[in-house]
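Q: Next up, protein_31.cif (mmCIF, C-alpha atoms).
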data_input
loop_
_atom_site.label_atom_id
_atom_site.label_comp_id
_atom_site.auth_asym_id
_atom_site.auth_seq_id
_atom_site.Cartn_x
_atom_site.Cartn_y
_atom_site.Cartn_z
CA MET A 1 -23.01 -15.14 -31.45
CA PRO A 2 -20.69 -13.12 -29.20
CA SER A 3 -20.62 -9.35 -29.69
CA GLN A 4 -17.42 -7.46 -30.49
CA PRO A 5 -17.10 -6.11 -26.88
CA ASP A 6 -17.43 -9.69 -25.60
CA ILE A 7 -14.72 -10.85 -28.00
CA ASN A 8 -12.46 -7.96 -26.95
CA LEU A 9 -13.00 -8.80 -23.28
CA SER A 10 -12.21 -12.45 -23.92
CA ASN A 11 -9.05 -11.53 -25.84
CA THR A 12 -7.88 -9.24 -23.03
CA ALA A 13 -8.48 -11.95 -20.43
CA SER A 14 -6.55 -14.43 -22.57
CA LYS A 15 -3.63 -12.01 -22.96
CA ASN A 16 -3.59 -11.39 -19.21
CA ARG A 17 -3.50 -15.14 -18.55
CA GLN A 18 -0.62 -15.57 -20.99
CA ARG A 19 1.29 -12.69 -19.39
CA ALA A 20 0.77 -14.12 -15.88
CA SER A 21 1.92 -17.53 -17.08
CA ARG A 22 5.02 -16.03 -18.73
CA GLU A 23 5.89 -14.04 -15.60
CA SER A 24 5.44 -17.13 -13.47
CA ARG A 25 7.83 -19.10 -15.70
CA GLU A 26 10.41 -16.30 -15.58
CA ALA A 27 10.13 -16.05 -11.79
CA LYS A 28 10.63 -19.81 -11.48
CA ARG A 29 13.72 -19.64 -13.67
CA SER A 30 15.08 -16.77 -11.62
CA ARG A 31 14.47 -18.65 -8.35
CA LYS A 32 16.29 -21.66 -9.76
CA ASP A 33 19.30 -19.48 -10.54
CA ASP A 34 19.17 -17.97 -7.06
CA LEU A 35 19.09 -21.40 -5.48
CA LYS A 36 22.00 -22.60 -7.59
CA SER A 37 24.02 -19.58 -6.53
CA ALA A 38 23.21 -20.08 -2.85
CA LEU A 39 24.06 -23.78 -3.03
CA ALA A 40 27.44 -22.91 -4.48
CA GLY A 41 28.34 -21.36 -1.13
CA ALA A 42 27.42 -24.45 0.88
CA SER A 43 30.25 -26.54 2.26
CA SER A 44 28.35 -29.54 3.60
CA THR A 45 25.32 -31.69 2.88
CA SER A 46 23.47 -30.29 5.88
CA ASP A 47 24.08 -26.73 4.69
CA ARG A 48 22.75 -27.68 1.27
CA ARG A 49 19.66 -29.22 2.84
CA GLU A 50 19.04 -26.11 4.95
CA ILE A 51 19.41 -23.84 1.96
CA LYS A 52 16.93 -25.93 -0.03
CA GLU A 53 14.44 -25.90 2.81
CA GLN A 54 14.71 -22.17 3.27
CA TYR A 55 14.32 -21.53 -0.43
CA ALA A 56 11.23 -23.67 -0.63
CA ALA A 57 9.50 -22.08 2.38
CA PRO A 58 8.60 -18.66 0.99
CA TYR A 59 7.32 -20.09 -2.28
CA GLN A 60 4.84 -22.40 -0.67
CA THR A 61 1.46 -21.00 0.19
CA PRO A 62 1.21 -21.38 3.95
CA LYS A 63 -1.36 -23.92 4.97
CA PRO A 64 -3.99 -22.77 7.45
CA GLU A 65 -3.58 -24.34 10.85
CA VAL A 66 -6.52 -26.31 12.12
CA SER A 67 -7.78 -25.03 15.42
CA LEU A 68 -10.53 -25.99 17.80
CA SER A 69 -11.52 -22.35 17.92
CA ASP A 70 -12.26 -22.59 14.21
CA ILE A 71 -15.41 -24.50 14.97
CA VAL A 72 -16.52 -22.28 17.83
CA GLY A 73 -18.50 -19.24 16.78
CA TYR A 74 -18.16 -15.63 17.79
CA ASN A 75 -18.50 -15.61 21.58
CA GLY A 76 -19.93 -19.10 21.18
CA THR A 77 -23.13 -17.55 19.93
CA VAL A 78 -23.23 -18.61 16.29
CA ASN A 79 -25.79 -21.32 15.80
CA SER A 80 -25.63 -24.15 13.31
CA LEU A 81 -27.16 -21.97 10.62
CA GLY A 82 -24.35 -19.44 10.98
CA GLU A 83 -26.59 -16.84 12.59
CA ASP A 84 -25.22 -14.78 15.45
CA ILE A 85 -27.87 -15.04 18.12
CA ASN A 86 -26.25 -12.19 20.10
CA ALA A 87 -25.67 -9.32 17.70
CA SER A 88 -23.20 -6.77 19.06
CA GLY A 89 -24.49 -3.47 20.37
CA SER A 90 -27.49 -2.71 22.46
CA SER A 91 -31.08 -3.67 21.95
CA GLU A 92 -33.97 -1.79 23.35
CA GLY A 93 -37.60 -2.69 23.42
CA GLY A 94 -37.31 -6.47 23.33
CA SER A 95 -39.25 -8.47 20.85
CA GLY A 96 -41.85 -5.78 20.34
CA GLY A 97 -39.49 -3.38 18.56
CA GLY A 98 -36.75 -0.90 19.39
CA THR A 99 -33.31 0.18 18.30
CA PHE A 100 -30.08 -1.76 18.02
CA GLU A 101 -26.65 -1.02 16.59
CA LEU A 102 -24.30 -3.07 14.44
CA ASP A 103 -20.78 -2.41 13.15
CA ILE A 104 -20.70 -1.92 9.40
CA VAL A 105 -18.40 -1.16 6.49
CA ASP A 106 -19.65 1.74 4.41
CA GLY A 107 -17.55 3.41 1.74
CA ASN A 108 -14.55 1.45 3.09
CA THR A 109 -15.01 3.21 6.43
CA ALA A 110 -15.68 1.44 9.72
CA GLY A 111 -18.98 2.69 11.05
CA ARG A 112 -21.93 1.80 13.15
CA ALA A 113 -25.51 1.64 11.98
CA SER A 114 -28.60 1.98 14.08
CA PHE A 115 -31.58 -0.18 13.20
CA THR A 116 -35.14 0.32 14.30
CA GLY A 117 -37.73 -2.31 13.84
CA GLY A 118 -38.84 -5.62 15.13
CA GLY A 119 -35.77 -6.03 17.32
CA ILE A 120 -33.78 -9.21 17.70
CA ILE A 121 -36.01 -12.21 18.02
CA MET B 1 -24.22 -0.08 0.08
CA ALA B 2 -23.10 -0.89 3.60
CA ILE B 3 -22.19 -4.39 4.74
CA LEU B 4 -22.17 -5.91 8.19
CA ARG B 5 -18.89 -6.38 10.00
CA ALA B 6 -17.43 -9.87 10.38
CA GLY B 7 -14.72 -10.90 12.83
CA PRO B 8 -13.18 -9.77 15.06
CA PHE B 9 -11.11 -12.74 13.82
CA ALA B 10 -11.75 -15.09 10.94
CA SER B 11 -10.39 -18.24 9.39
CA PHE B 12 -10.81 -19.58 5.89
CA SER B 13 -14.07 -21.22 6.90
CA ASN B 14 -15.46 -19.17 9.78
CA TYR B 15 -15.86 -15.41 9.62
CA PHE B 16 -17.03 -14.80 13.20
CA LEU B 17 -14.35 -15.77 15.70
CA ASP B 18 -12.88 -14.35 18.87
CA GLU B 19 -9.14 -13.83 19.17
CA PRO B 20 -7.67 -17.30 19.67
CA SER B 21 -5.34 -18.06 22.51
CA PRO B 22 -2.69 -19.09 21.72
CA LEU B 23 -2.60 -17.33 18.38
CA VAL B 24 -3.02 -19.56 15.37
CA TYR B 25 -1.55 -18.78 11.98
CA ASP B 26 -4.16 -17.86 9.39
CA LEU B 27 -6.75 -17.15 12.05
CA SER B 28 -6.32 -13.44 11.70
CA PRO B 29 -7.97 -10.11 12.53
CA VAL B 30 -10.65 -8.77 10.20
CA ASN B 31 -10.19 -5.13 9.23
CA CYS B 32 -12.23 -2.55 7.41
CA ALA B 33 -10.22 -1.96 4.21
CA LEU B 34 -7.40 0.43 5.21
CA ASP B 35 -9.43 2.40 7.73
CA THR B 36 -7.25 2.87 10.80
CA SER B 37 -9.30 5.71 12.25
CA SER B 38 -11.92 3.75 14.16
CA SER B 39 -11.43 3.17 17.90
CA ASN B 40 -14.41 0.86 17.86
CA TRP B 41 -12.85 -1.30 15.16
CA PRO B 42 -9.07 -0.87 15.40
CA TRP B 43 -6.89 -2.05 12.54
CA LYS B 44 -4.79 -5.09 13.51
CA SER B 45 -2.67 -7.82 11.99
CA LEU B 46 -1.20 -11.10 13.11
CA ARG B 47 2.57 -10.88 13.12
CA ARG B 48 4.57 -14.05 12.73
CA LYS B 49 8.33 -14.21 13.08
CA ARG B 50 9.90 -17.48 12.07
CA THR B 51 13.41 -18.77 12.39
CA GLN B 52 14.75 -22.28 12.05
CA ASN B 53 14.05 -22.90 15.74
CA SER B 54 11.27 -20.55 16.76
CA ASP B 55 7.88 -19.32 15.62
CA LEU B 56 6.67 -16.25 17.50
CA ARG B 57 3.22 -14.72 17.00
CA SER B 58 1.71 -11.49 18.24
CA ILE B 59 -1.04 -9.02 17.42
CA GLN B 60 0.13 -5.72 15.98
CA SER B 61 -1.97 -2.55 16.01
CA GLY B 62 -2.04 -0.28 12.99
CA LEU B 63 -0.71 -0.87 9.49
CA PRO B 64 2.22 -3.33 9.45
CA ASN B 65 5.71 -1.94 9.71
CA GLU B 66 8.29 -4.68 10.28
CA SER B 67 12.03 -4.97 10.33
CA ILE B 68 14.38 -7.85 11.10
CA THR B 69 18.13 -8.01 11.42
CA GLY B 70 20.26 -11.13 11.34
CA THR B 71 22.75 -11.83 14.06
CA GLY B 72 23.94 -15.28 13.03
CA THR B 73 26.59 -16.32 10.61
CA ARG B 74 25.08 -19.44 9.12
CA VAL B 75 22.26 -20.17 6.79
CA THR B 76 20.27 -21.42 9.77
CA SER B 77 20.05 -17.86 11.05
CA GLY B 78 17.64 -17.03 8.26
CA LEU B 79 14.57 -15.09 9.30
CA LEU B 80 11.06 -14.55 8.02
CA VAL B 81 8.58 -12.02 9.33
CA LEU B 82 5.08 -11.76 7.97
CA SER B 83 1.83 -9.95 8.66
CA ASN B 84 -1.47 -11.68 8.11
CA TRP B 85 -4.89 -10.02 8.15
CA ARG B 86 -8.27 -10.08 6.49
CA TYR B 87 -10.36 -7.27 5.14
CA GLN B 88 -13.88 -6.36 4.21
CA ALA B 89 -14.47 -3.54 1.75
CA THR B 90 -17.45 -2.11 -0.05
CA GLU B 91 -15.27 -0.70 -2.82
CA PRO B 92 -12.01 -1.72 -4.49
CA PHE B 93 -8.97 -0.17 -2.83
CA SER B 94 -5.20 -0.47 -2.81
CA PHE B 95 -2.28 -0.28 -0.45
CA ASP B 96 1.36 0.47 -1.04
CA VAL B 97 4.08 -1.64 0.48
CA THR B 98 7.69 -0.56 0.56
CA TYR B 99 10.15 -3.37 1.17
CA SER B 100 13.87 -3.83 1.30
CA GLY B 101 16.31 -6.57 2.14
CA SER B 102 20.03 -7.00 2.10
CA THR B 103 22.33 -9.88 2.90
CA THR B 104 25.99 -9.97 3.74
CA SER B 105 28.51 -12.05 1.81
CA ASN B 106 31.11 -14.53 2.96
CA SER B 107 34.80 -14.59 2.10
CA SER B 108 34.06 -16.48 -1.12
CA GLY B 109 31.80 -13.67 -2.27
CA ASN B 110 28.59 -15.63 -1.83
CA TYR B 111 25.60 -13.63 -0.67
CA GLY B 112 22.59 -14.96 1.18
CA PHE B 113 19.18 -14.58 -0.42
CA ALA B 114 16.48 -12.07 0.37
CA TYR B 115 12.83 -12.37 -0.59
CA PHE B 116 9.53 -10.58 -0.30
CA TYR B 117 5.99 -11.62 -1.16
CA VAL B 118 2.33 -10.67 -0.99
CA ASP B 119 -0.37 -13.36 -0.97
CA VAL B 120 -4.06 -12.61 -1.37
CA ASP B 121 -6.41 -15.46 -0.55
CA TYR B 122 -3.51 -17.94 -0.77
CA ILE B 123 -2.46 -16.80 -4.23
CA ARG B 124 0.92 -15.15 -4.70
CA LEU B 125 0.17 -11.72 -6.10
CA TYR B 126 3.65 -10.29 -5.93
CA SER B 127 7.12 -11.59 -5.12
CA ASP B 128 10.70 -10.51 -5.39
CA SER B 129 13.91 -12.27 -4.48
CA SER B 130 17.61 -11.95 -4.98
CA SER B 131 20.70 -13.90 -4.15
CA SER B 132 23.01 -11.12 -5.22
CA GLY B 133 22.77 -8.93 -2.18
CA SER B 134 19.63 -6.87 -2.04
CA ILE B 135 16.02 -6.29 -2.98
CA GLY B 136 13.87 -3.22 -2.59
CA ALA B 137 10.94 -1.42 -4.17
CA THR B 138 7.54 0.07 -3.52
CA THR B 139 4.65 -1.80 -5.03
CA THR B 140 0.91 -1.14 -5.12
CA ILE B 141 -1.42 -4.00 -4.33
CA ASN B 142 -4.93 -3.60 -5.75
CA LEU B 143 -7.69 -5.38 -3.89
CA PRO B 144 -11.31 -5.94 -4.87
CA ALA B 145 -14.35 -5.17 -2.75
CA SER B 146 -15.18 -8.10 -0.50
CA VAL B 147 -18.21 -8.86 1.66
CA THR B 148 -16.56 -11.89 3.27
CA PRO B 149 -13.10 -11.49 4.86
CA THR B 150 -10.32 -11.78 2.28
CA ASN B 151 -6.93 -12.98 3.47
CA VAL B 152 -3.78 -10.89 2.90
CA THR B 153 -0.24 -11.89 3.83
CA VAL B 154 2.85 -9.74 3.44
CA GLY B 155 6.19 -11.37 4.21
CA VAL B 156 9.87 -10.63 3.94
CA GLY B 157 12.89 -12.67 4.89
CA PHE B 158 16.42 -13.72 4.17
CA GLY B 159 18.80 -16.60 4.55
CA GLN B 160 22.46 -15.99 5.20
CA ALA B 161 25.32 -17.48 3.25
CA VAL B 162 27.48 -19.93 5.14
CA ASN B 163 30.09 -18.16 7.26
CA SER B 164 28.84 -14.73 6.30
CA PRO B 165 29.01 -11.99 8.94
CA PRO B 166 25.91 -10.69 10.79
CA GLY B 167 24.16 -7.66 9.40
CA SER B 168 21.62 -8.98 6.94
CA TYR B 169 18.25 -7.29 7.26
CA ALA B 170 14.81 -7.11 5.73
CA SER B 171 11.85 -4.79 6.24
CA TYR B 172 8.51 -3.64 4.89
CA THR B 173 6.03 -0.87 5.53
CA VAL B 174 2.39 -0.92 4.50
CA SER B 175 0.72 2.41 3.80
#
Let me see whether you can do it: turn the structure in this file into structure tokens.
A:
Amino acid sequence: MPSQPDINLSNTASKNRQRASRESREAKRSRKDDLKSALAGASSTSDRREIKEQYAAPYQTPKPEVSLSDIVGYNGTVNSLGEDINASGSSEGGSGGGTFELDIVDGNTAGRASFTGGGII
Amino acid sequence: MAILRAGPFASFSNYFLDEPSPLVYDLSPVNCALDTSSSNWPWKSLRRKRTQNSDLRSIQSGLPNESITGTGTRVTSGLLVLSNWRYQATEPFSFDVTYSGSTTSNSSGNYGFAYFYVDVDYIRLYSDSSSSGSIGATTTINLPASVTPTNVTVGVGFGQAVNSPPGSYASYTVS
């Protein structure tokens, strides 16, 4: 049986969904009014078509473009398992151990971390 | 806890890409949250400026700050400028974006339309539009922590009313 905090959480999520849905409906209605108003200023069929196209554009989520580079890894060094076989930074000591550096995100700050250990195999 | 950097560019399916040439929409730079202080990992975005007949792309350094002004007098002179980037973050964070747009009206009193939007991972998080002259506000976009690069797009644009004079504009600044 769900606990009271679980029920409260579920109710809040449900309310948020309803609010988002309501706002989406209102935005759609508003866009429809905007379009109607813009179309009123059109004097030809081609103008009306252009207006409709332009109105539709910003409300469509842009589709990603397919690119050859999408299937080529970072510097061509990502293998089929998704591992970068040439980590950025320097490596000292070869396979026997040493230090190497990698760029990191830490506390939402761009940094660089130094690793010591078995090295890159 | 720290996470390893992805990028420098990423797509929806590959997080470790070099900068493509020519630039491809949605294949965008990966940034560290809003950290613009690193010379080793400079903050960048993919800028795209679209008109009815052209589609120009370039890489912009630093937080996006865009402005476009219309010179045409027909609806076909409508413009859209957007910034697309990805981020990694170990903690939730937010950015503010201040936008404005204004369109001129024709002799019949019809204005063009201005619009603004923010998409996060292909979902529209915020939008504003008006066909009665202008839009403008400052809004805060809250983003969750993300190990894999999350896509953000900020765009603003306008379409001009038929036979309206030049002078429509739109802009945004991310901070």
Q: For the structure shown, which residues end up in the PyMOL selection byres ((chain B) within 7 of (chain A))? Put them as a ChimeraX atom specification, please?
A: /B:1-5,11,14,16-18,20,24-26,32-33,35,38,41,75-76,89-91,110,112,122,130-131,161-162
Q: Mind dumping the selected residues with C-alpha atoms as an mmCIF file, in the coordinates of the input?
A:
data_model
loop_
_atom_site.group_PDB
_atom_site.id
_atom_site.type_symbol
_atom_site.label_atom_id
_atom_site.label_comp_id
_atom_site.auth_asym_id
_atom_site.auth_seq_id
_atom_site.Cartn_x
_atom_site.Cartn_y
_atom_site.Cartn_z
ATOM 1 C CA MET B 1 -24.220 -0.080 0.080
ATOM 2 C CA ALA B 2 -23.100 -0.890 3.600
ATOM 3 C CA ILE B 3 -22.190 -4.390 4.740
ATOM 4 C CA LEU B 4 -22.170 -5.910 8.190
ATOM 5 C CA ARG B 5 -18.890 -6.380 10.000
ATOM 6 C CA SER B 11 -10.390 -18.240 9.390
ATOM 7 C CA ASN B 14 -15.460 -19.170 9.780
ATOM 8 C CA PHE B 16 -17.030 -14.800 13.200
ATOM 9 C CA LEU B 17 -14.350 -15.770 15.700
ATOM 10 C CA ASP B 18 -12.880 -14.350 18.870
ATOM 11 C CA PRO B 20 -7.670 -17.300 19.670
ATOM 12 C CA VAL B 24 -3.020 -19.560 15.370
ATOM 13 C CA TYR B 25 -1.550 -18.780 11.980
ATOM 14 C CA ASP B 26 -4.160 -17.860 9.390
ATOM 15 C CA CYS B 32 -12.230 -2.550 7.410
ATOM 16 C CA ALA B 33 -10.220 -1.960 4.210
ATOM 17 C CA ASP B 35 -9.430 2.400 7.730
ATOM 18 C CA SER B 38 -11.920 3.750 14.160
ATOM 19 C CA TRP B 41 -12.850 -1.300 15.160
ATOM 20 C CA VAL B 75 22.260 -20.170 6.790
ATOM 21 C CA THR B 76 20.270 -21.420 9.770
ATOM 22 C CA ALA B 89 -14.470 -3.540 1.750
ATOM 23 C CA THR B 90 -17.450 -2.110 -0.050
ATOM 24 C CA GLU B 91 -15.270 -0.700 -2.820
ATOM 25 C CA ASN B 110 28.590 -15.630 -1.830
ATOM 26 C CA GLY B 112 22.590 -14.960 1.180
ATOM 27 C CA TYR B 122 -3.510 -17.940 -0.770
ATOM 28 C CA SER B 130 17.610 -11.950 -4.980
ATOM 29 C CA SER B 131 20.700 -13.900 -4.150
ATOM 30 C CA ALA B 161 25.320 -17.480 3.250
ATOM 31 C CA VAL B 162 27.480 -19.930 5.140
#
Q: Calculate how many Å separate atom CA of Phe9 of chain B from atom CA of Val30 of chain B, rounding to one decimal.
A: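 Calculated distance between atom CA of Phe9 of chain B and atom CA of Val30 of chain B is 5.4 Å.
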Q: Take atom CA of Asn31 of chain B and atom CA of Arg124 of chain B and report the distance between them in Å, one decimal.
A: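 Distance between the two atoms: 20.4 Å.
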Q: Quote the spacing between atom CA of Tyr15 of chain B and atom CA of Tyr126 of chain B in Å to one decimal place.
A: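 It comes out at 25.5 Å.
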Q: At a cut-off of 8 Å from (-6.4, -3.5, -6.2) in the coordinates of the file, what residues are picked up using all atoms listed in the file, written as a PyMOL selection string?
A: chain B and resi 92-95+140-144
Q: Could you pull the residues within 6 Å of Gly70 of chain B, counting all atoms listed in the file, minus those fewer than 2 positions along the same chain, as a PyMOL selection string?
A: chain B and resi 72+166-169
Q: Centre and edge lengths, as JSON, for the axis-aligned box enclosing every listed atom of segment 45-54 of chain B with 3 Å of padding on each of the six sides, in Å to one decimal?
A:
{"center_x": 6.0, "center_y": -15.4, "center_z": 14.4, "size_x": 23.4, "size_y": 21.1, "size_z": 10.8}
Q: Write out as a VMD selection string which residues come within 6 Å of Pro149 of chain B when counting only C-alpha atoms, dropping same-chain ones fewer than 2 positions away.
A: chain B and resid 86 to 88
Q: For Ser45 of chain B, please output as a PDB file with C-alpha atoms, in the coordinates of the input all residues within 9 Å (counting all atoms listed in the file; exclusion window: fewer than 3 positions along the same chain).
A:
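The result, written out as around-v2.pdb:
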ATOM      1  CA  SER B  28      -6.320 -13.440  11.700  1.00  0.00           C
ATOM      2  CA  PRO B  29      -7.970 -10.110  12.530  1.00  0.00           C
ATOM      3  CA  VAL B  30     -10.650  -8.770  10.200  1.00  0.00           C
ATOM      4  CA  ASN B  31     -10.190  -5.130   9.230  1.00  0.00           C
ATOM      5  CA  SER B  58       1.710 -11.490  18.240  1.00  0.00           C
ATOM      6  CA  ILE B  59      -1.040  -9.020  17.420  1.00  0.00           C
ATOM      7  CA  GLN B  60       0.130  -5.720  15.980  1.00  0.00           C
ATOM      8  CA  SER B  61      -1.970  -2.550  16.010  1.00  0.00           C
ATOM      9  CA  GLY B  62      -2.040  -0.280  12.990  1.00  0.00           C
ATOM     10  CA  LEU B  63      -0.710  -0.870   9.490  1.00  0.00           C
ATOM     11  CA  PRO B  64       2.220  -3.330   9.450  1.00  0.00           C
ATOM     12  CA  SER B  83       1.830  -9.950   8.660  1.00  0.00           C
ATOM     13  CA  ASN B  84      -1.470 -11.680   8.110  1.00  0.00           C
ATOM     14  CA  TRP B  85      -4.890 -10.020   8.150  1.00  0.00           C
ATOM     15  CA  ARG B  86      -8.270 -10.080   6.490  1.00  0.00           C
TER      16      ARG B  86
END
Q: Taking the file as I've supplied it (selection: the PyMOL selection byres ((chain B and resi 114) around 8)), which residues are included? Please answer as an NGL selection string.
A: :B and (101-103 or 112-113 or 115-116 or 129-131 or 133-135 or 156-159 or 170)
Q: Which residues match the PyMOL selection byres ((chain B and resi 67) around 7) in the file above, as a PyMOL selection string?
A: chain B and resi 66+68-69+170-172
